[in-house]
Amino acid sequence: MAARLKKGDKVIVLTGKDKGKTGDITLVDPKKNKAIVSGINMIVRHTKQTQNSAGGKVRKEAFIEMSNLAYLEPKDGKPTRIGFKFVDGKKVRYAKRSGEVVNG
């Protein structure tokens, strides 16, 4: 199945501890159906000191399930679903809320 959300898309979180927050997708794992969104689902990793880096707590983004994300409509800033249609013989993504073609 084709990925409806892609790297660089502006999304909103629908459920979980970060519900209502928005961010850009930085990485997508289609096999696991998960994505990393900038500033969302932050976790703390305790790292051991090495020759090259100091140890301590490192905050980073963790994967979030794609079903918990929705594309952010560029017109009104509300969540929308993404669909596929053919325009001039090319398959494109479009926002179902407004019918506008989504870039990318």
# chains A, B, ... in the order shown; residues from 1 in each chain; ligands from 1
>>> closest_atom_pairs(of="stretch 37-85 of chain A", to="stretch 91-103 of chain A", cutoff="12 Å", atoms="only C-alpha atoms", output="JSON lines")
{"residue": "A:Ala70", "atom": "CA", "partner": "A:Ala95", "partner_atom": "CA", "distance": 10.6}
{"residue": "A:Tyr71", "atom": "CA", "partner": "A:Ala95", "partner_atom": "CA", "distance": 8.1}
{"residue": "A:Leu72", "atom": "CA", "partner": "A:Ala95", "partner_atom": "CA", "distance": 9.0}
{"residue": "A:Glu73", "atom": "CA", "partner": "A:Ala95", "partner_atom": "CA", "distance": 7.1}
{"residue": "A:Pro74", "atom": "CA", "partner": "A:Val102", "partner_atom": "CA", "distance": 9.2}
{"residue": "A:Lys75", "atom": "CA", "partner": "A:Ser98", "partner_atom": "CA", "distance": 8.2}
{"residue": "A:Asp76", "atom": "CA", "partner": "A:Ser98", "partner_atom": "CA", "distance": 9.5}
{"residue": "A:Gly77", "atom": "CA", "partner": "A:Arg97", "partner_atom": "CA", "distance": 11.0}
{"residue": "A:Lys78", "atom": "CA", "partner": "A:Arg97", "partner_atom": "CA", "distance": 9.0}
{"residue": "A:Pro79", "atom": "CA", "partner": "A:Arg97", "partner_atom": "CA", "distance": 8.4}
{"residue": "A:Thr80", "atom": "CA", "partner": "A:Arg97", "partner_atom": "CA", "distance": 5.6}
{"residue": "A:Arg81", "atom": "CA", "partner": "A:Lys96", "partner_atom": "CA", "distance": 5.6}
{"residue": "A:Ile82", "atom": "CA", "partner": "A:Ala95", "partner_atom": "CA", "distance": 4.9}
{"residue": "A:Gly83", "atom": "CA", "partner": "A:Tyr94", "partner_atom": "CA", "distance": 5.4}
{"residue": "A:Phe84", "atom": "CA", "partner": "A:Arg93", "partner_atom": "CA", "distance": 4.6}
{"residue": "A:Lys85", "atom": "CA", "partner": "A:Val92", "partner_atom": "CA", "distance": 5.6}
>>> write_last_selection(atoms="C-alpha atoms", output="PDB file, in the first residue's frame")
ATOM      1  CA  ALA A  70      -3.223  13.203  10.655  1.00  0.00           C
ATOM      2  CA  TYR A  71      -2.115  15.492   7.833  1.00  0.00           C
ATOM      3  CA  LEU A  72      -2.561  19.190   8.666  1.00  0.00           C
ATOM      4  CA  GLU A  73      -4.721  21.000   6.102  1.00  0.00           C
ATOM      5  CA  PRO A  74      -2.724  23.986   4.771  1.00  0.00           C
ATOM      6  CA  LYS A  75      -5.852  26.151   4.288  1.00  0.00           C
ATOM      7  CA  ASP A  76      -7.480  26.035   7.734  1.00  0.00           C
ATOM      8  CA  GLY A  77      -4.979  24.169   9.932  1.00  0.00           C
ATOM      9  CA  LYS A  78      -7.347  21.304  10.736  1.00  0.00           C
ATOM     10  CA  PRO A  79      -6.595  17.572  10.420  1.00  0.00           C
ATOM     11  CA  THR A  80      -7.571  15.827   7.205  1.00  0.00           C
ATOM     12  CA  ARG A  81      -7.195  12.448   5.565  1.00  0.00           C
ATOM     13  CA  ILE A  82      -5.093  11.864   2.474  1.00  0.00           C
ATOM     14  CA  GLY A  83      -6.368  10.155  -0.651  1.00  0.00           C
ATOM     15  CA  PHE A  84      -5.015   9.311  -4.083  1.00  0.00           C
ATOM     16  CA  LYS A  85      -6.310  10.322  -7.500  1.00  0.00           C
TER      17      LYS A  85
END
>>> residues_around(residues="A:Thr47", least_positions_apart="6", cutoff="10 Å", atoms="only C-alpha atoms", output="list of chain:residue names")
A:Ser53, A:Ala54, A:Gly55, A:Gly56, A:Lys57, A:Val58
>>> closest_residue(among="A:Val87, A:Leu5, A:Leu14, A:Ile64", to="A:Ala35", atoms="only C-alpha atoms")
A:Ile64
>>> residues_around(residues="A:Asp9", least_positions_apart="5", cutoff="9 Å", atoms="only C-alpha atoms", output="ChimeraX atom specification")
/A:23-26,71-72,104
>>> write_last_selection(atoms="N, CA and C atoms", output="CSV table (one decimal), in the first residue's frame")
chain,number,residue,atom,x,y,z
A,23,GLY,N,3.9,19.0,14.2
A,23,GLY,CA,5.3,18.9,13.8
A,23,GLY,C,5.5,18.4,12.4
A,24,ASP,N,6.7,18.3,12.0
A,24,ASP,CA,7.0,17.8,10.7
A,24,ASP,C,7.6,16.4,10.8
A,25,ILE,N,7.2,15.6,9.8
A,25,ILE,CA,7.8,14.2,9.8
A,25,ILE,C,9.2,14.2,9.4
A,26,THR,N,10.1,13.6,10.1
A,26,THR,CA,11.5,13.6,9.8
A,26,THR,C,11.9,12.2,9.3
A,71,TYR,N,-2.7,14.4,8.6
A,71,TYR,CA,-2.1,15.5,7.8
A,71,TYR,C,-2.8,16.8,8.2
A,72,LEU,N,-2.0,17.9,8.3
A,72,LEU,CA,-2.6,19.2,8.7
A,72,LEU,C,-2.9,20.0,7.4
A,104,GLY,N,4.4,16.8,-3.2
A,104,GLY,CA,5.3,15.7,-2.7
A,104,GLY,C,4.8,14.3,-3.1
>>> atom_distance(atom1="atom CA of A:Asn68", atom2="atom CA of A:Arg45")
23.2 Å
